[in-house]
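Asker: CSV, C-alpha atoms and all ligand atoms, file my_file_22.csv:
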```csv
chain,number,residue,atom,x,y,z
D,670,MET,CA,-91.4,44.3,101.1
D,671,SER,CA,-92.2,44.6,97.4
D,672,THR,CA,-94.6,42.1,95.8
D,673,ARG,CA,-92.0,41.9,93.0
D,674,ALA,CA,-90.0,39.6,95.3
D,675,VAL,CA,-89.9,36.1,93.7
D,676,THR,CA,-91.1,33.4,96.1
D,677,LEU,CA,-89.7,29.9,95.9
D,678,ASN,CA,-93.0,28.5,94.7
D,679,ARG,CA,-93.2,31.0,91.9
D,680,HIS,CA,-89.7,30.2,90.9
D,681,ILE,CA,-90.5,26.5,90.8
D,682,LEU,CA,-93.5,27.2,88.6
D,683,GLU,CA,-91.5,29.4,86.3
D,684,GLU,CA,-88.9,26.6,85.8
D,685,GLU,CA,-91.8,24.1,85.2
D,686,ARG,CA,-93.0,26.3,82.3
D,687,LEU,CA,-89.6,25.7,80.6
D,688,HIS,CA,-90.9,22.2,80.1
D,689,PRO,CA,-94.2,22.5,78.2
D,690,GLY,CA,-95.2,18.9,78.8
D,691,ALA,CA,-94.3,18.8,82.5
D,692,ALA,CA,-96.9,17.3,84.8
D,693,GLY,CA,-95.8,19.5,87.7
D,694,GLU,CA,-94.7,16.5,89.8
D,695,LEU,CA,-91.1,17.7,90.4
D,696,SER,CA,-92.6,21.1,91.3
D,697,GLU,CA,-94.8,19.4,93.9
D,698,LEU,CA,-91.8,17.7,95.4
D,699,LEU,CA,-89.8,20.9,95.5
D,700,VAL,CA,-92.7,22.7,97.2
D,701,GLN,CA,-92.8,20.0,99.8
D,702,LEU,CA,-89.1,20.3,100.4
D,703,GLY,CA,-89.6,24.0,101.0
D,704,TYR,CA,-92.4,23.2,103.5
D,705,ALA,CA,-90.3,20.7,105.3
D,706,ALA,CA,-87.4,23.2,105.5
D,707,LYS,CA,-89.7,25.8,107.2
D,708,ILE,CA,-90.8,23.3,109.8
D,709,LEU,CA,-87.1,22.3,110.4
D,710,ALA,CA,-86.0,26.0,110.6
D,711,ARG,CA,-88.7,26.6,113.2
D,712,GLU,CA,-87.9,23.5,115.3
D,713,ILE,CA,-84.1,23.9,115.1
D,714,GLY,CA,-84.6,27.6,116.2
D,715,ARG,CA,-86.5,26.6,119.4
D,716,ALA,CA,-84.9,23.1,120.0
D,717,ALA,CA,-83.2,24.3,123.2
D,718,LEU,CA,-86.5,25.6,124.6
D,719,VAL,CA,-88.6,22.5,123.9
D,720,GLY,CA,-86.1,19.8,125.0
D,721,ARG,CA,-85.1,18.8,121.6
D,722,LEU,CA,-81.3,19.0,122.0
D,723,GLY,CA,-79.0,16.1,122.9
D,724,LEU,CA,-78.7,12.5,122.1
D,725,VAL,CA,-81.4,9.8,121.7
D,726,GLY,CA,-79.0,7.1,122.8
D,727,GLU,CA,-79.1,5.2,119.5
D,728,LYS,CA,-76.6,5.0,116.6
D,729,ASN,CA,-77.8,5.6,113.1
D,730,ALA,CA,-77.2,3.3,110.0
D,731,THR,CA,-73.6,4.5,109.6
D,732,GLY,CA,-72.7,4.3,113.3
D,733,ASP,CA,-73.1,8.0,114.3
D,734,SER,CA,-74.8,8.8,117.6
D,735,GLN,CA,-78.3,9.9,116.8
D,736,LYS,CA,-79.5,13.3,118.1
D,737,LYS,CA,-83.2,14.1,118.9
D,738,LEU,CA,-83.1,16.6,116.0
D,739,ASP,CA,-81.8,13.9,113.6
D,740,ILE,CA,-84.9,11.8,114.2
D,741,PHE,CA,-87.2,14.8,114.0
D,742,ALA,CA,-85.6,16.0,110.8
D,743,ASN,CA,-85.8,12.6,109.2
D,744,ASP,CA,-89.5,12.2,110.1
D,745,THR,CA,-90.3,15.6,108.8
D,746,VAL,CA,-88.6,15.2,105.4
D,747,VAL,CA,-89.8,11.7,104.9
D,748,GLU,CA,-93.4,12.6,105.7
D,749,ALA,CA,-93.3,15.7,103.5
D,750,PHE,CA,-92.3,13.6,100.5
D,751,ALA,CA,-94.4,10.6,101.3
D,752,GLN,CA,-97.6,12.6,101.3
D,753,THR,CA,-97.2,13.4,97.6
D,754,GLY,CA,-97.6,9.8,96.4
D,755,LEU,CA,-94.9,10.7,93.9
D,756,VAL,CA,-92.0,9.0,95.8
D,757,ALA,CA,-91.3,5.3,95.6
D,758,GLY,CA,-88.7,5.2,98.3
D,759,VAL,CA,-86.4,7.3,100.5
D,760,VAL,CA,-82.8,6.8,101.3
D,761,SER,CA,-81.7,8.6,104.4
D,762,GLU,CA,-78.7,8.8,106.6
D,763,GLU,CA,-80.9,8.0,109.5
D,764,LEU,CA,-82.5,4.8,108.1
D,765,ASP,CA,-80.8,1.4,107.8
D,766,GLU,CA,-82.7,0.4,104.7
D,767,VAL,CA,-84.4,2.2,101.8
D,768,LYS,CA,-87.8,3.3,103.2
D,769,GLN,CA,-90.3,1.8,100.8
D,770,ILE,CA,-93.2,4.2,100.2
D,771,SER,CA,-95.1,3.2,97.1
D,772,CYS,CA,-94.9,0.8,94.1
D,773,GLU,CA,-97.5,2.7,92.1
D,774,GLY,CA,-96.6,3.9,88.6
D,775,LYS,CA,-97.3,7.5,89.8
D,776,ALA,CA,-94.4,7.1,92.3
D,777,LYS,CA,-91.7,8.0,89.8
D,778,TYR,CA,-89.0,9.4,92.1
D,779,ILE,CA,-86.6,8.4,94.8
D,780,LEU,CA,-85.5,10.8,97.4
D,781,CYS,CA,-81.9,10.6,98.9
D,782,THR,CA,-81.4,12.8,101.9
D,783,ASP,CA,-79.2,13.6,104.8
D,784,PRO,CA,-82.0,15.3,106.8
D,785,LEU,CA,-79.7,16.9,109.3
D,786,ASP,CA,-76.2,17.4,108.1
D,787,GLY,CA,-73.6,18.6,110.7
D,788,SER,CA,-75.5,17.2,113.6
D,789,SER,CA,-72.4,17.5,115.9
D,790,ASN,CA,-73.3,21.3,115.7
D,791,THR,CA,-76.8,20.9,117.1
D,792,ASP,CA,-76.0,21.6,120.8
D,793,THR,CA,-73.7,24.5,120.1
D,794,ASN,CA,-75.9,26.6,117.8
D,795,GLY,CA,-73.7,25.9,114.9
D,796,ALA,CA,-74.6,25.7,111.2
D,797,LEU,CA,-76.8,22.7,110.2
D,798,GLY,CA,-78.2,21.6,106.9
D,799,THR,CA,-80.5,19.3,105.0
D,800,ILE,CA,-79.1,17.8,101.8
D,801,PHE,CA,-81.4,16.3,99.1
D,802,GLY,CA,-81.2,14.7,95.7
D,803,ILE,CA,-84.3,13.7,93.8
D,804,TYR,CA,-83.8,10.9,91.2
D,805,ARG,CA,-86.2,9.6,88.6
D,806,ARG,CA,-86.6,5.9,89.0
D,807,ASP,CA,-87.1,3.2,86.4
D,808,VAL,CA,-90.8,2.3,86.9
D,809,SER,CA,-90.5,-0.5,84.3
D,810,CYS,CA,-88.4,-2.4,86.9
D,811,GLY,CA,-91.4,-2.8,89.2
D,812,CYS,CA,-91.1,-2.3,92.9
D,813,ASP,CA,-87.4,-2.4,93.3
D,814,GLN,CA,-86.5,0.7,95.3
D,815,LEU,CA,-83.1,-0.5,96.3
D,816,GLY,CA,-82.2,-1.4,92.7
D,817,ASP,CA,-83.5,2.0,91.7
D,818,VAL,CA,-81.1,3.7,94.1
D,819,LEU,CA,-78.1,1.6,93.2
D,820,ARG,CA,-78.7,2.1,89.5
D,821,GLN,CA,-78.6,5.8,89.9
D,822,ARG,CA,-75.4,7.3,88.8
D,823,ALA,CA,-76.7,10.0,86.6
D,824,THR,CA,-77.3,13.5,87.8
D,825,PRO,CA,-80.4,13.9,90.0
D,826,VAL,CA,-83.3,15.7,88.4
D,827,ALA,CA,-83.2,18.1,91.3
D,828,ALA,CA,-80.6,18.5,94.1
D,829,GLY,CA,-79.7,21.0,96.8
D,830,TYR,CA,-79.5,21.9,100.4
D,831,VAL,CA,-81.1,23.9,103.1
D,832,MET,CA,-78.7,25.7,105.4
D,833,TYR,CA,-79.9,26.7,108.9
D,834,GLY,CA,-77.4,29.4,109.9
D,835,THR,CA,-77.7,33.0,110.7
D,836,SER,CA,-80.6,32.8,108.2
D,837,THR,CA,-82.3,29.8,106.6
D,838,LEU,CA,-81.3,29.5,103.0
D,839,LEU,CA,-82.6,26.9,100.4
D,840,VAL,CA,-80.3,26.4,97.4
D,841,TYR,CA,-81.3,24.1,94.6
D,842,THR,CA,-80.9,23.2,91.0
D,843,SER,CA,-83.4,21.4,88.8
D,844,GLY,CA,-81.1,21.6,85.7
D,845,HIS,CA,-81.6,25.4,85.0
D,846,GLY,CA,-78.8,26.9,87.0
D,847,VAL,CA,-78.6,27.3,90.8
D,848,ALA,CA,-80.7,29.6,92.8
D,849,GLY,CA,-80.8,30.4,96.5
D,850,PHE,CA,-83.8,31.5,98.6
D,851,THR,CA,-83.8,33.1,102.0
D,852,LEU,CA,-86.6,32.4,104.5
D,853,ASP,CA,-88.5,35.5,105.5
D,854,ARG,CA,-89.7,34.2,108.8
D,855,GLU,CA,-92.5,36.8,109.2
D,856,LEU,CA,-93.9,36.1,105.8
D,857,GLY,CA,-93.2,32.4,106.1
D,858,GLU,CA,-91.9,32.4,102.6
D,859,PHE,CA,-88.6,31.6,100.9
D,860,LEU,CA,-87.7,34.6,98.7
D,861,LEU,CA,-85.2,34.6,95.9
D,862,SER,CA,-82.0,36.1,97.3
D,863,HIS,CA,-79.2,34.5,95.2
D,864,GLU,CA,-80.0,34.4,91.5
D,865,ASN,CA,-78.0,32.3,89.1
D,866,ILE,CA,-75.3,31.3,91.6
D,867,ARG,CA,-71.9,30.8,89.9
D,868,CYS,CA,-69.0,29.2,91.8
D,869,PRO,CA,-65.8,31.3,91.4
D,870,GLU,CA,-63.1,29.5,89.5
D,871,ARG,CA,-60.7,30.0,92.4
D,872,GLY,CA,-61.1,30.9,96.1
D,873,ARG,CA,-59.0,31.9,99.0
D,874,THR,CA,-60.2,29.5,101.6
D,875,TYR,CA,-59.9,25.8,102.3
D,876,SER,CA,-62.1,23.7,104.6
D,877,ALA,CA,-60.9,20.4,106.0
D,878,ASN,CA,-60.5,18.8,109.4
D,879,VAL,CA,-56.7,19.4,109.5
D,880,ALA,CA,-56.5,17.7,112.9
D,881,ARG,CA,-56.3,14.5,110.8
D,882,ILE,CA,-53.4,15.8,108.6
D,883,GLY,CA,-50.9,13.3,110.0
D,884,ASP,CA,-53.2,10.4,108.7
D,885,TRP,CA,-53.5,11.8,105.1
D,886,HIS,CA,-51.6,10.9,102.0
D,887,PRO,CA,-48.3,12.8,101.9
D,888,ASN,CA,-49.4,14.5,98.6
D,889,ILE,CA,-52.4,16.0,100.4
D,890,ARG,CA,-50.1,17.3,103.1
D,891,ARG,CA,-48.1,18.9,100.3
D,892,PHE,CA,-51.2,20.4,98.9
D,893,ILE,CA,-51.9,22.0,102.2
D,894,GLU,CA,-48.4,23.3,102.5
D,895,HIS,CA,-48.8,24.8,99.1
D,896,LEU,CA,-52.1,26.5,100.0
D,897,THR,CA,-50.6,28.0,103.2
D,898,GLN,CA,-47.4,29.3,101.7
D,899,THR,CA,-47.3,33.1,101.2
D,900,ASP,CA,-47.5,34.1,97.6
D,901,PRO,CA,-49.6,37.2,97.1
D,902,ALA,CA,-49.4,37.0,93.3
D,903,SER,CA,-51.3,33.7,93.4
D,904,GLY,CA,-53.6,34.6,96.3
D,905,ARG,CA,-51.9,32.5,98.9
D,906,PRO,CA,-52.0,31.8,101.8
D,907,TYR,CA,-55.5,30.4,101.7
D,908,SER,CA,-57.4,30.9,105.0
D,909,LEU,CA,-58.8,27.9,106.9
D,910,ARG,CA,-62.6,27.9,107.4
D,911,TYR,CA,-64.2,24.7,108.8
D,912,SER,CA,-67.6,24.8,110.3
D,913,GLY,CA,-68.2,21.1,111.0
D,914,ALA,CA,-71.2,21.1,108.7
D,915,LEU,CA,-70.6,20.1,105.1
D,916,VAL,CA,-73.4,22.2,103.9
D,917,GLY,CA,-72.0,25.3,105.6
D,918,ASP,CA,-68.5,24.8,104.1
D,919,VAL,CA,-69.7,23.9,100.6
D,920,HIS,CA,-72.0,26.9,100.7
D,921,ARG,CA,-69.1,29.2,101.4
D,922,SER,CA,-67.1,27.7,98.6
D,923,LEU,CA,-70.0,28.0,96.2
D,924,ILE,CA,-70.5,31.7,96.9
D,925,GLU,CA,-67.0,32.9,97.5
D,926,GLY,CA,-64.9,30.2,95.9
D,927,GLY,CA,-62.6,27.7,97.7
D,928,ILE,CA,-62.3,24.1,98.4
D,929,TYR,CA,-63.7,21.5,100.9
D,930,PHE,CA,-62.1,18.1,101.2
D,931,TYR,CA,-62.5,15.1,103.4
D,932,PRO,CA,-59.8,12.5,102.4
D,933,PRO,CA,-59.6,8.9,103.6
D,934,ASP,CA,-57.8,8.3,106.9
D,935,PRO,CA,-57.4,5.1,109.1
D,936,SER,CA,-60.7,5.7,110.8
D,937,HIS,CA,-62.5,6.4,107.5
D,938,PRO,CA,-60.6,4.3,105.0
D,939,GLU,CA,-63.2,4.9,102.3
D,940,GLY,CA,-63.7,8.6,103.3
D,941,LYS,CA,-66.3,9.7,105.8
D,942,LEU,CA,-69.0,11.3,103.7
D,943,ARG,CA,-71.9,9.3,102.0
D,944,LEU,CA,-72.0,9.1,98.3
D,945,VAL,CA,-75.7,8.8,97.6
D,946,TYR,CA,-77.2,11.4,99.9
D,947,GLU,CA,-74.4,13.8,100.7
D,948,CYS,CA,-71.7,13.8,98.0
D,949,ALA,CA,-73.8,13.2,94.8
D,950,PRO,CA,-76.5,15.9,95.4
D,951,LEU,CA,-73.9,18.5,96.4
D,952,ALA,CA,-71.7,17.5,93.4
D,953,ALA,CA,-74.6,17.9,91.0
D,954,LEU,CA,-75.4,21.3,92.4
D,955,VAL,CA,-71.8,22.6,92.5
D,956,GLU,CA,-71.1,21.3,88.9
D,957,MET,CA,-74.3,23.1,87.7
D,958,ALA,CA,-72.8,26.3,89.2
D,959,GLY,CA,-69.5,25.8,87.3
D,960,GLY,CA,-67.6,24.1,90.2
D,961,ARG,CA,-66.1,20.7,90.4
D,962,ALA,CA,-66.5,17.6,92.7
D,963,SER,CA,-64.4,14.5,92.8
D,964,ASP,CA,-63.1,11.9,95.1
D,965,GLY,CA,-59.6,13.2,94.2
D,966,ARG,CA,-59.3,10.9,91.2
D,967,GLN,CA,-62.7,10.7,89.5
D,968,ARG,CA,-65.9,12.7,89.3
D,969,ILE,CA,-68.3,12.0,92.1
D,970,LEU,CA,-71.2,11.7,89.7
D,971,ASP,CA,-69.3,8.9,87.8
D,972,ILE,CA,-68.9,6.7,90.9
D,973,PRO,CA,-71.4,3.8,91.0
D,974,ALA,CA,-73.2,3.2,94.2
D,975,GLU,CA,-72.6,-0.2,95.6
D,976,ASN,CA,-74.7,0.3,98.7
D,977,ILE,CA,-76.9,3.0,100.0
D,978,HIS,CA,-74.6,4.1,102.8
D,979,GLN,CA,-71.4,3.9,100.7
D,980,ARG,CA,-68.7,6.4,101.8
D,981,VAL,CA,-66.3,8.2,99.5
D,982,PRO,CA,-63.6,10.8,99.8
D,983,LEU,CA,-64.9,14.2,98.7
D,984,VAL,CA,-63.1,17.2,97.2
D,985,ILE,CA,-65.6,19.9,96.1
D,986,GLY,CA,-65.6,23.6,95.2
D,987,SER,CA,-63.9,25.9,92.8
D,988,VAL,CA,-62.9,24.2,89.6
D,989,GLU,CA,-59.2,25.3,89.7
D,990,ASP,CA,-58.8,24.5,93.4
D,991,VAL,CA,-60.2,21.0,93.0
D,992,ALA,CA,-58.2,20.4,89.9
D,993,LEU,CA,-55.0,21.5,91.8
D,994,TYR,CA,-55.9,19.1,94.7
D,995,GLU,CA,-56.2,16.3,92.1
D,996,ALA,CA,-52.9,17.2,90.5
D,997,PHE,CA,-51.2,17.1,93.9
D,998,LEU,CA,-52.8,13.8,94.7
D,999,ARG,CA,-51.5,12.3,91.4
D,1000,GLY,CA,-48.0,13.6,92.4
D,1001,GLU,CA,-47.9,16.0,89.5
D,1002,GLU,CA,-47.3,19.0,91.7
D,1003,SER,CA,-45.1,19.3,94.7
D,1101,LIG,P1,-71.6,15.2,111.1
D,1101,LIG,O1,-70.9,14.0,111.3
D,1101,LIG,O2,-71.6,16.1,112.2
D,1101,LIG,O3,-73.0,15.0,110.5
D,1101,LIG,O4,-72.0,14.6,107.4
D,1101,LIG,C1,-70.9,14.3,108.1
D,1101,LIG,C2,-70.3,15.6,108.7
D,1101,LIG,O5,-70.9,16.0,109.9
D,1101,LIG,C3,-70.1,16.8,107.8
D,1101,LIG,O6,-71.2,17.6,107.8
D,1101,LIG,C4,-68.9,17.5,108.3
D,1101,LIG,O7,-68.2,18.2,107.3
D,1101,LIG,C5,-68.1,16.3,108.8
D,1101,LIG,O8,-68.9,15.2,109.0
D,1101,LIG,C6,-67.4,16.6,110.0
D,1101,LIG,O9,-66.5,15.5,110.4
D,1101,LIG,P2,-65.3,15.7,111.4
D,1101,LIG,O10,-65.9,15.9,112.7
D,1101,LIG,O11,-64.6,14.4,111.3
D,1101,LIG,O12,-64.5,16.9,110.9
```
When written as structure tokens, how does the structure in this file appear?
Answerer:
Amino acid sequence: MSTRAVTLNRHILEEERLHPGAAGELSELLVQLGYAAKILAREIGRAALVGRLGLVGEKNATGDSQKKLDIFANDTVVEAFAQTGLVAGVVSEELDEVKQISCEGKAKYILCTDPLDGSSNTDTNGALGTIFGIYRRDVSCGCDQLGDVLRQRATPVAAGYVMYGTSTLLVYTSGHGVAGFTLDRELGEFLLSHENIRCPERGRTYSANVARIGDWHPNIRRFIEHLTQTDPASGRPYSLRYSGALVGDVHRSLIEGGIYFYPPDPSHPEGKLRLVYECAPLAALVEMAGGRASDGRQRILDIPAENIHQRVPLVIGSVEDVALYEAFLRGEES
């Protein structure tokens, strides 16, 4: 291993130097995220050996059954950020309300997180993730963490995900492109492995739970028929790839191109995925890499949050593939 390898912490510091007046606070939060990710990678890896698989017997804020790993992941991420004193509140898939942490002026940030994305995969050794968006709050509004979250519509100051798959990968943006870091377990360091990630303009795969196709808008069914028709000149048919973890499927689309979508259906009339801590952070990251994210009609990052667990439809990935989905949904293609 060469000492020329760029560690996550060095990369964070180098980005901080791009802002001469920066106080290093965002850097501190990103370092903590890296630390939490290492703990989670270790515990997910040995969960089957230490009795940490399976259900707790409770439902979380959005009605999903909670797994032991959900709770562990939530506690780990919340503690890692709370320790810094820089975070006023945390919104998490696993918490009913905004977790209030501090009202001090120093606490300039709000963390929105799905600490364990794809938790239906825990007991089958499938891909899992942690999604995060760090937002700057309006400290002049006093101690109003809920208001701070609901006022957020702009791009987070930093966003990304950790993917616990065949390796552990941390991918983030803080407004200077998108970079990915692979965990070297022996060194205990995340090392830069994916520099300046750009999402290809088109892909050859689609990710969706097509078991629900009968419940989707007929124009979405037409879109799938289009993707699966054979037309070598335009790269069709697209292959279906669906991991059951949003992070895993978005990661594939980010690296190789392609599209992930979760449309509304009768069981999820507003869509299934959560705006504030799943869709918006991933949208910010994918857009920074040159991709696109919408609810099929409008940009995810333009949708106002009405409540912290709000659900929206999500279409995300390569710019041309997402634009084509939107055109089909509008009925402009058939
Ligand atoms: P999960 O419920 O297992 O946490 O975040 C929600 C999510 O997983 C996504 O990661 C995933 O893409 C989707 O839901 C899977 O939903 P379906 O089982 O309905 O396909």
Asker: With a distance cut-off of 6 Å and all atoms listed in the file, select the neighbouring residues of stretch 929-945 of chain D, excluding the residue or stretch itself and same-chain residues fewer than 2 positions from it, and output the selection as JSON, numbers by chain.
Answerer: {"D": [875, 876, 877, 884, 885, 947, 948, 949, 978, 979, 980, 981, 982, 983, 984, 985]}
Asker: Within 10 Å of ligand LIG 1101 (chain D), counting all atoms listed in the file: which residues, as a VMD selection string?
Answerer: chain D and resid 733 to 735 739 762 783 to 791 796 to 800 876 to 881 911 to 919 929 to 931 936 to 937 940 to 943 946 to 948
Asker: Which value, in Å to one decimal, gives the distance between atom CA of D:Ile889 and atom CA of D:Gly986?
Answerer: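 Atom CA of D:Gly986 lies at a distance of 16.1 Å from atom CA of D:Ile889.
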Asker: Using only C-alpha atoms, determine which residues lie at most 6 Å from stretch 767-781 of chain D, disregarding the query and same-chain residues fewer than 6 positions distant; provide the list as a PyMOL selection string.
Answerer: chain D and resi 754-761+801-806+812+946
Asker: Show me the residues around (-86.9, 16.9, 109.1) - criterion: an atom at most 8 Å away, all atoms listed in the file counted - as a list in words.
Answerer: Ala705, Ala706, Ile708, Leu709, Leu738, Asp739, Ile740, Phe741, Ala742, Asn743, Asp744, Thr745, Val746, Val747, Pro784, Leu785 and Thr799 of chain D
Asker: Skip D:Glu956 itself and residues of its chain fewer than 2 positions away, then list as a PyMOL selection string all residues within 10 Å of it, counting only C-alpha atoms.
Answerer: chain D and resi 846-847+867-868+923+951-954+958-962+970+985-988
Asker: So which residues touch D:Leu677 within 7 Å, counting all atoms listed in the file, skipping near sequence neighbours fewer than 5 positions away, as a list of chain:residue names?
Answerer: D:Phe850, D:Phe859, D:Leu860, D:Leu861
Asker: Using all atoms listed in the file for the distances, tell me which of D:Glu748, D:Ile924, D:Lys737, D:Tyr841 is nearest to D:Val719.
Answerer: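 Closest candidate: D:Lys737.
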Asker: What does the distance from atom CA of D:Glu855 to atom CA of D:Thr753 come to in Å, to one decimal?
Answerer: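 So the two atoms, atom CA of D:Glu855 and atom CA of D:Thr753, lie 26.5 Å apart.
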Asker: With distances taken over only C-alpha atoms, which residue among D:Leu909, D:Val818, D:Ile713, D:Ala751 lies nearest D:Asn794?
Answerer: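 Comparing D:Leu909, D:Val818, D:Ile713, D:Ala751 against D:Asn794, the winner is D:Ile713.
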Asker: Please report the interatomic distance between atom CA of D:Leu839 and atom CA of D:Gln967 in Å with one decimal.
Answerer: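 Computing the Euclidean distance for atom CA of D:Leu839 and atom CA of D:Gln967 yields 27.9 Å.
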Asker: Determine the nearest neighbour of D:Gly872 from the options D:Gly926, D:Gly857, D:Gly795, D:Gly834, counting all atoms listed in the file.
Answerer: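 Of the candidates, the smallest distance to D:Gly872 is held by D:Gly926.
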Asker: Could you check the closest approach to D:Ile972 for each of D:Thr837, D:Arg871, D:Arg820, D:Ile882 and tell me which residue wins, using all atoms listed in the file?
Answerer: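 Selected residue with least distance to D:Ile972: D:Arg820.
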